[in-house]
There are 2 protein chains.
Amino acid sequence: MIFDFRLKVFITVAKKLSFTKAANELFITQPAVTKHINELESQLHSRLFSRNGSTISLTPAGLVLLKHADQIFKQYAALENDIAQLTNIESGTLRIGASTTLAQYVLPRILAIFKSNYPAIQINFLHGNSEFIEQQIIDDRIDLALVEGISHHPQINYEPFVKDEIVMVLRSGQRLLNKSEIKPEQLLTIPLAMREQGSGTLDVIYEALHTINIHPKDLLVDIQLDSTESIKQYIMFTDCGAFLSVHSITKELQNKELAIFEIKGIDIQRTFQFIELHGQNKPLPSLFKRFCLNHYNFK
Amino acid sequence: MIFDFRLKVFITVAKKLSFTKAANELFITQPAVTKHINELESQLHSRLFSRNGSTISLTPAGLVLLKHADQIFKQYAALENDIAQLTNIESGTLRIGASTTLAQYVLPRILAIFKSNYPAIQINFLHGNSEFIEQQIIDDRIDLALVEGISHHPQINYEPFVKDEIVMVLRSGQRLLNKSEIKPEQLLTIPLAMREQGSGTLDVIYEALHTINIHPKDLLVDIQLDSTESIKQYIMFTDCGAFLSVHSITKELQNKELAIFEIKGIDIQRTFQFIELHGQNKPLPSLFKRFCLNHYNFK
DNA sequence: TAAAAATACTCCATAGGTATTTTAT
DNA sequence: ATAAAATACCTATGGAGTATTTTTA
């Protein structure tokens, strides 16, 4: 992991056109982002963003910097690639794991691209629920895994990967709602397909609804199913809504089979985490981690 | 000034093939260099230098990194250039100064290249002895200057530029010595052309000779002259030696008109310094400072 | 044994956090 | 009134220093 973090902050702000959103994506705070940008601006003696109150935009100098910064990052990526090549870490066995949602919707794509870049690397991949995966890490049966939240196990090191957002979706044909943003009260009138009791995802959803004073018993739960895939299939054929991870519905959103409905006042977020035993710095797992991060930041 | 300092450390070590020499050039200590290289090596999971006791050499991974690092630095330089272009700091007036040696031997070359890069910038250039130049800074008659040493003036900010070395030279035809390294005793047998009493340069020389127990009165001072140029001319036609800044004799060394004789046990160094009033960060002087630094680090 | 790199510590500058204020819609 | 950026202040980590030890030619 070698690069100029200040430039990365700049690129992220330029992409999101928001200091706050960039801070969120980078897992730092908004004042930290402000300071990085200020520092860059004073080093370059130019404003990079024009701040017009609530909206910001790139200045010409900002555009120039963005162009170069991209180049610089490409160069850093090429560098790591060449070094990896050279040191022969492009062969060997990578033992990784992931919890359910990640294993189904996030990793397949990454693994496919990774494998095409490093065909000689043998991948051993395990999936299961978070507890199972954590146990595999502790038993040193896998080197690295991706899970959906932090369970604060003392032997395990947690490192954020990307933010996940859980959103309310309905099949596109559903005509009960004609706006993409709905009020909390309206939510109570929509039949829902939910995950089963005991699901971590369900807890996160209930917790978020609690902040706007909606209690589980007030919801019109039409059915409880034990997998994301079943829920997706179910809502395709009914007027039910469902709370799903944005990562599980990218294809359906593109096809316009499903549509997102934002609920005023709530934002259900969690962060996917890399987990490893403390103090690990093995070449192959590091390479893979870096690869994952690049995948979500630059593509 | 925007770049990845750790990569700069690497490049410097690769160029000098010595941690200690690199530390010296970068104005940091050898342990700091060691730590930077170790950190890079662990981030890249590869050794970059093979240390064989007293000598080090680049590993294949080190060579790859060097190639990319150069590219990255070129990109950073292009970036600053484009931004400068854009923000129109390529026009305006730059008020600078320099003390004698620098004004005669170092700046002309830099100014010529600078001017060809930024033809619209008007340069006001002053030279004089260090006190005079410092007074101009304090009176805000110039924004930035280069001097040969630190006089610790409280209103002035000193920032190192490059190291200067003062060496013993003789005209190449001088056949009294047949080795390029001579012993301190031999020095006492060579007639010398020295700077006049009161010259800062002379003080530095006497100070260094003092460390090997040579006192001014022991030297065979043939003549005292009040300028570097006079001394150079004088020794061309005699068998005298002289102590001169390496920066003042680059041409004569290339032509082989003069030759360096190292004196075992001494190393007469001083550091050229940028001076400014405290807290200055004006665009044009910053651009010029950066330009000077790049000139000596990458060319 | 001498010259250079590594190691062990100490210190401080700066990156980052929290809390709050300012600003513009 | 709200949402976002700026500011003020505090904390802690990592980069740099000094002193010393280890290594090998």
# chains A, B, ... in the order shown; residues from 1 in each chain; ligands from 1

call {"tool": "interface_residues", "arguments": {"of": "chain A", "to": "chain D", "cutoff": "9 Å", "atoms": "only C-alpha atoms (C1' of nucleotides)", "output": "list of chain:residue names"}}
result
A:Ser18, A:Phe19, A:Thr20, A:Gln30, A:Pro31, A:Thr34, A:Arg51, A:Gly53, A:Ser54, A:Thr55

call {"tool": "interface_residues", "arguments": {"of": "chain C", "to": "chain A", "cutoff": "7 Å", "atoms": "only C-alpha atoms (C1' of nucleotides)", "output": "number ranges by chain"}}
result
C: 16, 23-24

call {"tool": "interface_residues", "arguments": {"of": "chain B", "to": "chain A", "cutoff": "12 Å", "atoms": "only C-alpha atoms", "output": "VMD selection string"}}
result
chain B and resid 1 to 7 39 to 48 59 to 89 280 to 287 290

call {"tool": "residues_around", "arguments": {"residues": "stretch 187-201 of chain B", "least_positions_apart": "3", "cutoff": "8 Å", "atoms": "only C-alpha atoms (C1' of nucleotides)", "output": "ChimeraX atom specification"}}
result
/B:182-184,204-205,218-228,231,234-235,239-243,263

call {"tool": "select_by_dssp", "arguments": {"residues": "stretch 117-260 of chain A", "states": "strand (DSSP E)", "output": "NGL selection string"}}
result
:A and (121-128 or 144-147 or 156-171 or 181-182 or 191-195 or 220-225 or 241-245 or 258-260)

call {"tool": "residues_around", "arguments": {"residues": "A:Ser130", "least_positions_apart": "6", "cutoff": "12 Å", "atoms": "only C-alpha atoms (C1' of nucleotides)", "output": "ChimeraX atom specification"}}
result
/A:97-103,136-137,145-153,199-201,272-275
